[in-house]
Amino acid sequence: SKEQGKSHYNFYDNRQDDAKEAQLSLKTNMNRALERGEFQLYYQPQVNLLNQKVMGMEALIRWHNKELGNVRPDIFIPLAERTGLIFKIDEWVLFEACRQLREWIDAGYQPVPIAVNVSGKQFRSQRIIETIDDALHKYRISSDLLVIEITEGALMHDEKSEQVLNELKRRGISIHLDDFGTGYSSLSYLKRYPIDTIKIDRSFIQEVNADERDAKITTAIIHLAQTLGLEVIAEGVEDAEQIRFLKQKNAVYAQGYYFEKPLPAPEMEHLYLVDE
Ligand code: C2E
Ligand code: CA
Ligand code: CA
Ligand code: CA
């Protein structure tokens, strides 16, 4: 059994090494991904339930690497936040979203606002405002076509967050509070910051018709938003029953596989944009 113990130990040890190696390969490849043009934005429609019209779309980053294949953003974004590469990635996303808007406008499409996810680290640096100004200016995009999505978890109660949010507001850029209900201080953020829209986290929507507590929480969030004069977008809507629930509670906007998975730009424009 001494043998067994040892081989077990070796097995565990190898796994540790493999994991370390995988992480290193991920990091090395990620550092080169920008210059190699391996990132791409996909777009997912945000739909008005009252008239089925697309009110906006969310830009979601995709990374395809020759060696690693497709790497999910919930794997590489947290890593990029730890290594600091997130600043360059978020910058690339902002410029790419504005470039895409300009391309659509020039092609004669009626543009809808694009919501861009910004990480917490990026958010508390003054650079975010400069980057946004530069991107809007470079592609001649009006500020009401850009929306910033920031998760509750990424915001903080500090002067910096408040300054940045107020600067965005001053420019007429809308702010979505993402993953609402999963962070620590949801309600105090609503009190302190100029939020326009709450995105109800997918974890509440998923079982909204099966779990009574999820149904009650979702209903309460919708009422809270209505009382405060905020918009609500339900995230991760996958079936007609969830739509029925949301409509019954007078929620207006929804996003999810029920309508569409995130799509590359050509498919998005083909399916959802209308000629001017
Ligand atoms: P998120 O901002 O909460 O984005 C929503 C996620 O839910 C996306 O995953 C989307 O593809 C997925 N989703 C949408 N509808 C449904 C549905 O009906 N069912 C299910 N099961 N999932 C649905 P994705 O694209 O894998 O992104 C994961 C997270 O990575 C995002 O969560 C966001 O936090 C982060 N992320 C994605 N793109 C960017 C980016 O460009 N910059 C930054 N900083 N973060 C990003
Ligand atoms: Ca988001
Ligand atoms: Ca979300
Ligand atoms: Ca999320």
# chains A, B, ... in the order shown; residues from 1 in each chain; ligands from 1
call {"tool": "residues_near_ligand", "arguments": {"ligand": "ligand 1", "cutoff": "7 Å", "atoms": "only C-alpha atoms and all ligand atoms", "output": "list in words"}}
result
Ala59, Leu60, Ile61, Arg72, Pro73, Asp74, Ile77, Ile86, Asp90, Val93, Val116, Asn117, Val118, Ser119, Asp178, Asp179, Glu235, Gly236, Val237, Glu238, Gln255, Gly256, Tyr257, Tyr258, Lys261 and Pro262 of chain A
call {"tool": "select_by_dssp", "arguments": {"residues": "region 36-192 of chain A", "states": "strand (DSSP E or B)", "output": "PyMOL selection string"}}
result
chain A and resi 39-48+54-65+69-71+109+114-117+146-151+174-180
call {"tool": "residues_around", "arguments": {"residues": "Lys216 (chain A)", "least_positions_apart": "4", "cutoff": "12 Å", "atoms": "only C-alpha atoms", "output": "ChimeraX atom specification"}}
result
/A:204-205,207-212,220-223,245-246,249
call {"tool": "closest_residue", "arguments": {"among": "A:Lys199, A:Asn29, A:Leu24, A:Gly181", "to": "ligand 2", "atoms": "only C-alpha atoms and all ligand atoms"}}
result
A:Lys199
call {"tool": "closest_atom_pairs", "arguments": {"of": "region 52-71 of chain A", "to": "region 105-110 of chain A", "cutoff": "12 Å", "atoms": "only C-alpha atoms", "output": "JSON lines"}}
result
{"residue": "A:Val54", "atom": "CA", "partner": "A:Gln110", "partner_atom": "CA", "distance": 11.2}
{"residue": "A:Met55", "atom": "CA", "partner": "A:Gln110", "partner_atom": "CA", "distance": 11.4}
{"residue": "A:Gly56", "atom": "CA", "partner": "A:Gln110", "partner_atom": "CA", "distance": 11.3}
call {"tool": "atom_distance", "arguments": {"atom1": "CA of Phe76 (chain A)", "atom2": "CA of Pro264 (chain A)"}}
result
19.4 Å
call {"tool": "closest_residue", "arguments": {"among": "A:Gly229, A:Pro194, A:Pro113, A:Pro45", "to": "Arg170 (chain A)", "atoms": "only C-alpha atoms"}}
result
A:Pro194
call {"tool": "select_by_dssp", "arguments": {"residues": "region 19-157 of chain A", "states": "helix (DSSP H, G or I)", "output": "ChimeraX atom specification"}}
result
/A:19-33,73-83,86-106,120-123,127-138,143-145
call {"tool": "residues_around", "arguments": {"residues": "Met30 (chain A)", "least_positions_apart": "6", "cutoff": "12 Å", "atoms": "only C-alpha atoms", "output": "PDB file with C-alpha atoms, in the first residue's frame"}}
result
ATOM      1  CA  ALA A  22      -1.656  24.648 -19.478  1.00  0.00           C
ATOM      2  CA  GLN A  23      -1.896  27.950 -17.631  1.00  0.00           C
ATOM      3  CA  LEU A  24       1.493  29.021 -18.940  1.00  0.00           C
ATOM      4  CA  ARG A  36      -2.010  38.010 -34.237  1.00  0.00           C
ATOM      5  CA  GLY A  37      -5.575  39.232 -34.630  1.00  0.00           C
ATOM      6  CA  GLU A  38      -7.048  36.215 -32.857  1.00  0.00           C
ATOM      7  CA  PHE A  39      -9.830  38.065 -31.057  1.00  0.00           C
ATOM      8  CA  ARG A  62     -14.246  35.398 -28.783  1.00  0.00           C
ATOM      9  CA  TRP A  63     -10.718  34.021 -28.918  1.00  0.00           C
ATOM     10  CA  HIS A  64      -9.613  31.405 -31.386  1.00  0.00           C
ATOM     11  CA  ASN A  65      -6.041  30.150 -31.117  1.00  0.00           C
ATOM     12  CA  LYS A  66      -4.442  27.551 -33.429  1.00  0.00           C
ATOM     13  CA  GLU A  67      -2.979  25.560 -30.580  1.00  0.00           C
ATOM     14  CA  LEU A  68      -5.719  25.963 -27.986  1.00  0.00           C
ATOM     15  CA  ASN A  70     -11.657  28.320 -28.918  1.00  0.00           C
ATOM     16  CA  VAL A  71     -11.011  29.608 -25.414  1.00  0.00           C
ATOM     17  CA  PRO A  73     -14.003  34.367 -22.132  1.00  0.00           C
ATOM     18  CA  ILE A  75     -11.478  31.355 -18.753  1.00  0.00           C
ATOM     19  CA  PHE A  76      -9.219  34.017 -20.308  1.00  0.00           C
ATOM     20  CA  ILE A  77     -10.814  37.266 -19.096  1.00  0.00           C
ATOM     21  CA  PRO A  78     -10.122  36.518 -15.401  1.00  0.00           C
ATOM     22  CA  LEU A  79      -6.565  35.519 -16.356  1.00  0.00           C
ATOM     23  CA  ALA A  80      -6.146  38.734 -18.354  1.00  0.00           C
ATOM     24  CA  GLU A  81      -7.340  40.652 -15.304  1.00  0.00           C
ATOM     25  CA  THR A  83      -1.836  39.613 -15.774  1.00  0.00           C
ATOM     26  CA  GLY A  84      -2.911  43.155 -16.644  1.00  0.00           C
ATOM     27  CA  LEU A  85      -3.540  42.363 -20.314  1.00  0.00           C
ATOM     28  CA  ILE A  86      -7.195  43.241 -19.718  1.00  0.00           C
ATOM     29  CA  LYS A  88      -5.336  46.207 -23.886  1.00  0.00           C
ATOM     30  CA  ILE A  89      -8.167  43.742 -24.458  1.00  0.00           C
TER      31      ILE A  89
END
call {"tool": "closest_residue", "arguments": {"among": "A:Leu41, A:Ala97, A:Leu50, A:Leu155", "to": "Ile132 (chain A)", "atoms": "only C-alpha atoms"}}
result
A:Ala97
call {"tool": "residues_around", "arguments": {"residues": "Leu190 (chain A)", "least_positions_apart": "4", "cutoff": "10 Å", "atoms": "only C-alpha atoms", "output": "PyMOL selection string"}}
result
chain A and resi 177+185-186+194-198+225+228+230
call {"tool": "write_last_selection", "arguments": {"atoms": "N, CA, C and O atoms", "output": "PDB file, in the first residue's frame"}}
result
ATOM      1  N   LEU A 177     -25.958  47.806 -15.355  1.00  0.00           N
ATOM      2  CA  LEU A 177     -25.387  47.096 -14.210  1.00  0.00           C
ATOM      3  C   LEU A 177     -25.616  45.602 -14.435  1.00  0.00           C
ATOM      4  O   LEU A 177     -26.753  45.112 -14.402  1.00  0.00           O
ATOM      5  N   SER A 185     -23.369  44.536  -3.057  1.00  0.00           N
ATOM      6  CA  SER A 185     -23.984  45.811  -2.683  1.00  0.00           C
ATOM      7  C   SER A 185     -24.911  46.378  -3.745  1.00  0.00           C
ATOM      8  O   SER A 185     -24.937  47.570  -3.992  1.00  0.00           O
ATOM      9  N   SER A 186     -25.673  45.493  -4.365  1.00  0.00           N
ATOM     10  CA  SER A 186     -26.582  45.892  -5.437  1.00  0.00           C
ATOM     11  C   SER A 186     -27.359  47.159  -5.135  1.00  0.00           C
ATOM     12  O   SER A 186     -27.390  48.090  -5.921  1.00  0.00           O
ATOM     13  N   PRO A 194     -25.284  56.626 -11.200  1.00  0.00           N
ATOM     14  CA  PRO A 194     -26.266  56.932 -12.256  1.00  0.00           C
ATOM     15  C   PRO A 194     -26.466  55.758 -13.227  1.00  0.00           C
ATOM     16  O   PRO A 194     -26.086  55.822 -14.379  1.00  0.00           O
ATOM     17  N   ILE A 195     -27.031  54.663 -12.733  1.00  0.00           N
ATOM     18  CA  ILE A 195     -27.274  53.470 -13.544  1.00  0.00           C
ATOM     19  C   ILE A 195     -28.545  53.666 -14.376  1.00  0.00           C
ATOM     20  O   ILE A 195     -29.512  54.237 -13.883  1.00  0.00           O
ATOM     21  N   ASP A 196     -28.546  53.207 -15.636  1.00  0.00           N
ATOM     22  CA  ASP A 196     -29.737  53.317 -16.480  1.00  0.00           C
ATOM     23  C   ASP A 196     -30.536  52.026 -16.512  1.00  0.00           C
ATOM     24  O   ASP A 196     -31.756  52.032 -16.613  1.00  0.00           O
ATOM     25  N   THR A 197     -29.804  50.916 -16.492  1.00  0.00           N
ATOM     26  CA  THR A 197     -30.427  49.620 -16.752  1.00  0.00           C
ATOM     27  C   THR A 197     -29.836  48.553 -15.842  1.00  0.00           C
ATOM     28  O   THR A 197     -28.627  48.530 -15.615  1.00  0.00           O
ATOM     29  N   ILE A 198     -30.725  47.680 -15.353  1.00  0.00           N
ATOM     30  CA  ILE A 198     -30.299  46.545 -14.556  1.00  0.00           C
ATOM     31  C   ILE A 198     -30.402  45.298 -15.413  1.00  0.00           C
ATOM     32  O   ILE A 198     -31.423  45.084 -16.067  1.00  0.00           O
ATOM     33  N   ALA A 225     -36.818  48.115 -10.169  1.00  0.00           N
ATOM     34  CA  ALA A 225     -36.392  48.910 -11.321  1.00  0.00           C
ATOM     35  C   ALA A 225     -37.498  49.866 -11.741  1.00  0.00           C
ATOM     36  O   ALA A 225     -37.241  51.057 -11.975  1.00  0.00           O
ATOM     37  N   LEU A 228     -37.782  52.795  -9.469  1.00  0.00           N
ATOM     38  CA  LEU A 228     -36.680  53.755  -9.589  1.00  0.00           C
ATOM     39  C   LEU A 228     -36.580  54.367 -10.987  1.00  0.00           C
ATOM     40  O   LEU A 228     -35.697  55.172 -11.253  1.00  0.00           O
ATOM     41  N   LEU A 230     -35.856  52.724 -13.781  1.00  0.00           N
ATOM     42  CA  LEU A 230     -34.763  52.096 -14.533  1.00  0.00           C
ATOM     43  C   LEU A 230     -35.319  51.057 -15.500  1.00  0.00           C
ATOM     44  O   LEU A 230     -36.394  50.519 -15.291  1.00  0.00           O
TER      45      LEU A 230
END
call {"tool": "closest_residue", "arguments": {"among": "A:Ile150, A:Phe259, A:Gly172, A:Glu167", "to": "ligand 4", "atoms": "only C-alpha atoms and all ligand atoms"}}
result
A:Ile150
call {"tool": "residues_around", "arguments": {"residues": "His157 (chain A)", "least_positions_apart": "6", "cutoff": "9 Å", "atoms": "only C-alpha atoms", "output": "ChimeraX atom specification"}}
result
/A:188-189,192
call {"tool": "write_last_selection", "arguments": {"atoms": "N, CA and C atoms", "output": "tab-separated table (two decimals), in the first residue's frame"}}
result
chain	number	residue	atom	x	y	z
A	188	SER	N	-27.08	49.51	-2.76
A	188	SER	CA	-26.38	50.78	-2.51
A	188	SER	C	-25.78	51.35	-3.79
A	189	TYR	N	-25.46	50.48	-4.77
A	189	TYR	CA	-25.01	51.01	-6.06
A	189	TYR	C	-26.12	51.78	-6.74
A	192	ARG	N	-26.25	55.12	-5.18
A	192	ARG	CA	-25.12	56.04	-5.35
A	192	ARG	C	-24.83	56.43	-6.80
call {"tool": "closest_residue", "arguments": {"among": "A:Phe180, A:Phe123, A:Tyr272, A:Trp104", "to": "ligand 2", "atoms": "only C-alpha atoms and all ligand atoms"}}
result
A:Phe180
call {"tool": "decode", "arguments": {"residues": "region 173-219 of chain A", "atoms": "N, CA and C atoms", "output": "short mmCIF file (atom, residue, chain, number, x, y, z; two decimals), in the first residue's frame"}}
result
data_model
loop_
_atom_site.label_atom_id
_atom_site.label_comp_id
_atom_site.auth_asym_id
_atom_site.auth_seq_id
_atom_site.Cartn_x
_atom_site.Cartn_y
_atom_site.Cartn_z
N ILE A 173 -23.61 58.37 -22.37
CA ILE A 173 -23.38 56.94 -22.54
C ILE A 173 -24.17 56.19 -21.47
N SER A 174 -24.99 55.23 -21.89
CA SER A 174 -25.81 54.48 -20.92
C SER A 174 -24.97 53.46 -20.17
N ILE A 175 -25.41 53.16 -18.96
CA ILE A 175 -24.70 52.21 -18.12
C ILE A 175 -25.62 51.07 -17.72
N HIS A 176 -25.19 49.85 -18.06
CA HIS A 176 -25.91 48.65 -17.63
C HIS A 176 -25.20 48.06 -16.41
N LEU A 177 -25.96 47.81 -15.35
CA LEU A 177 -25.39 47.10 -14.21
C LEU A 177 -25.62 45.60 -14.43
N ASP A 178 -24.50 44.89 -14.72
CA ASP A 178 -24.54 43.50 -15.18
C ASP A 178 -24.64 42.53 -14.00
N ASP A 179 -25.17 41.34 -14.28
CA ASP A 179 -25.24 40.25 -13.27
C ASP A 179 -25.93 40.72 -12.00
N PHE A 180 -26.94 41.54 -12.14
CA PHE A 180 -27.56 42.15 -10.96
C PHE A 180 -28.11 41.09 -10.00
N GLY A 181 -27.84 41.29 -8.73
CA GLY A 181 -28.35 40.39 -7.70
C GLY A 181 -27.30 39.40 -7.23
N THR A 182 -26.15 39.34 -7.90
CA THR A 182 -25.14 38.35 -7.52
C THR A 182 -24.00 38.97 -6.71
N GLY A 183 -23.94 40.30 -6.67
CA GLY A 183 -22.84 40.95 -5.95
C GLY A 183 -23.19 41.22 -4.50
N TYR A 184 -22.41 42.06 -3.88
CA TYR A 184 -22.61 42.31 -2.46
C TYR A 184 -23.45 43.55 -2.18
N SER A 185 -23.37 44.54 -3.06
CA SER A 185 -23.98 45.81 -2.68
C SER A 185 -24.91 46.38 -3.75
N SER A 186 -25.67 45.49 -4.37
CA SER A 186 -26.58 45.89 -5.44
C SER A 186 -27.36 47.16 -5.14
N LEU A 187 -27.99 47.17 -3.98
CA LEU A 187 -28.93 48.26 -3.70
C LEU A 187 -28.22 49.57 -3.44
N SER A 188 -27.08 49.51 -2.76
CA SER A 188 -26.38 50.78 -2.51
C SER A 188 -25.78 51.35 -3.79
N TYR A 189 -25.46 50.48 -4.77
CA TYR A 189 -25.01 51.01 -6.06
C TYR A 189 -26.12 51.78 -6.74
N LEU A 190 -27.32 51.25 -6.63
CA LEU A 190 -28.45 51.94 -7.27
C LEU A 190 -28.69 53.29 -6.62
N LYS A 191 -28.38 53.36 -5.33
CA LYS A 191 -28.55 54.62 -4.60
C LYS A 191 -27.48 55.63 -5.01
N ARG A 192 -26.25 55.12 -5.18
CA ARG A 192 -25.12 56.04 -5.35
C ARG A 192 -24.83 56.43 -6.80
N TYR A 193 -25.04 55.48 -7.72
CA TYR A 193 -24.53 55.67 -9.09
C TYR A 193 -25.63 55.91 -10.12
N PRO A 194 -25.28 56.63 -11.20
CA PRO A 194 -26.27 56.93 -12.26
C PRO A 194 -26.47 55.76 -13.23
N ILE A 195 -27.03 54.66 -12.73
CA ILE A 195 -27.27 53.47 -13.54
C ILE A 195 -28.55 53.67 -14.38
N ASP A 196 -28.55 53.21 -15.64
CA ASP A 196 -29.74 53.32 -16.48
C ASP A 196 -30.54 52.03 -16.51
N THR A 197 -29.80 50.92 -16.49
CA THR A 197 -30.43 49.62 -16.75
C THR A 197 -29.84 48.55 -15.84
N ILE A 198 -30.73 47.68 -15.35
CA ILE A 198 -30.30 46.54 -14.56
C ILE A 198 -30.40 45.30 -15.41
N LYS A 199 -29.36 44.48 -15.44
CA LYS A 199 -29.47 43.20 -16.12
C LYS A 199 -29.66 42.11 -15.07
N ILE A 200 -30.83 41.49 -15.09
CA ILE A 200 -31.12 40.44 -14.10
C ILE A 200 -30.28 39.22 -14.45
N ASP A 201 -29.49 38.77 -13.51
CA ASP A 201 -28.56 37.68 -13.78
C ASP A 201 -29.29 36.41 -14.23
N ARG A 202 -28.62 35.72 -15.14
CA ARG A 202 -29.14 34.48 -15.71
C ARG A 202 -29.52 33.45 -14.64
N SER A 203 -28.80 33.45 -13.53
CA SER A 203 -29.07 32.44 -12.50
C SER A 203 -30.47 32.57 -11.90
N PHE A 204 -31.08 33.76 -11.96
CA PHE A 204 -32.46 33.91 -11.48
C PHE A 204 -33.47 33.53 -12.55
N ILE A 205 -33.08 33.78 -13.82
CA ILE A 205 -34.01 33.58 -14.93
C ILE A 205 -34.16 32.09 -15.25
N GLN A 206 -33.04 31.38 -15.17
CA GLN A 206 -32.97 29.96 -15.54
C GLN A 206 -34.18 29.14 -15.07
N GLU A 207 -34.49 29.25 -13.77
CA GLU A 207 -35.52 28.40 -13.18
C GLU A 207 -36.73 29.21 -12.76
N VAL A 208 -36.93 30.32 -13.44
CA VAL A 208 -37.94 31.25 -12.95
C VAL A 208 -39.34 30.63 -12.91
N ASN A 209 -39.55 29.60 -13.74
CA ASN A 209 -40.85 28.93 -13.72
C ASN A 209 -40.88 27.67 -12.87
N ALA A 210 -39.73 27.28 -12.33
CA ALA A 210 -39.67 26.05 -11.55
C ALA A 210 -39.40 26.34 -10.07
N ASP A 211 -38.70 27.43 -9.82
CA ASP A 211 -38.28 27.74 -8.46
C ASP A 211 -38.99 29.00 -7.97
N GLU A 212 -39.78 28.81 -6.94
CA GLU A 212 -40.63 29.91 -6.46
C GLU A 212 -39.80 31.09 -5.98
N ARG A 213 -38.66 30.80 -5.36
CA ARG A 213 -37.82 31.89 -4.86
C ARG A 213 -37.22 32.71 -6.00
N ASP A 214 -36.78 32.01 -7.05
CA ASP A 214 -36.26 32.72 -8.22
C ASP A 214 -37.35 33.62 -8.82
N ALA A 215 -38.56 33.08 -8.87
CA ALA A 215 -39.69 33.86 -9.42
C ALA A 215 -39.91 35.11 -8.57
N LYS A 216 -39.87 34.95 -7.26
CA LYS A 216 -40.11 36.09 -6.37
C LYS A 216 -38.99 37.13 -6.46
N ILE A 217 -37.76 36.64 -6.52
CA ILE A 217 -36.62 37.57 -6.62
C ILE A 217 -36.69 38.34 -7.94
N THR A 218 -36.95 37.62 -9.03
CA THR A 218 -37.06 38.27 -10.34
C THR A 218 -38.16 39.33 -10.33
N THR A 219 -39.29 38.96 -9.77
CA THR A 219 -40.41 39.91 -9.69
C THR A 219 -40.01 41.14 -8.87
#
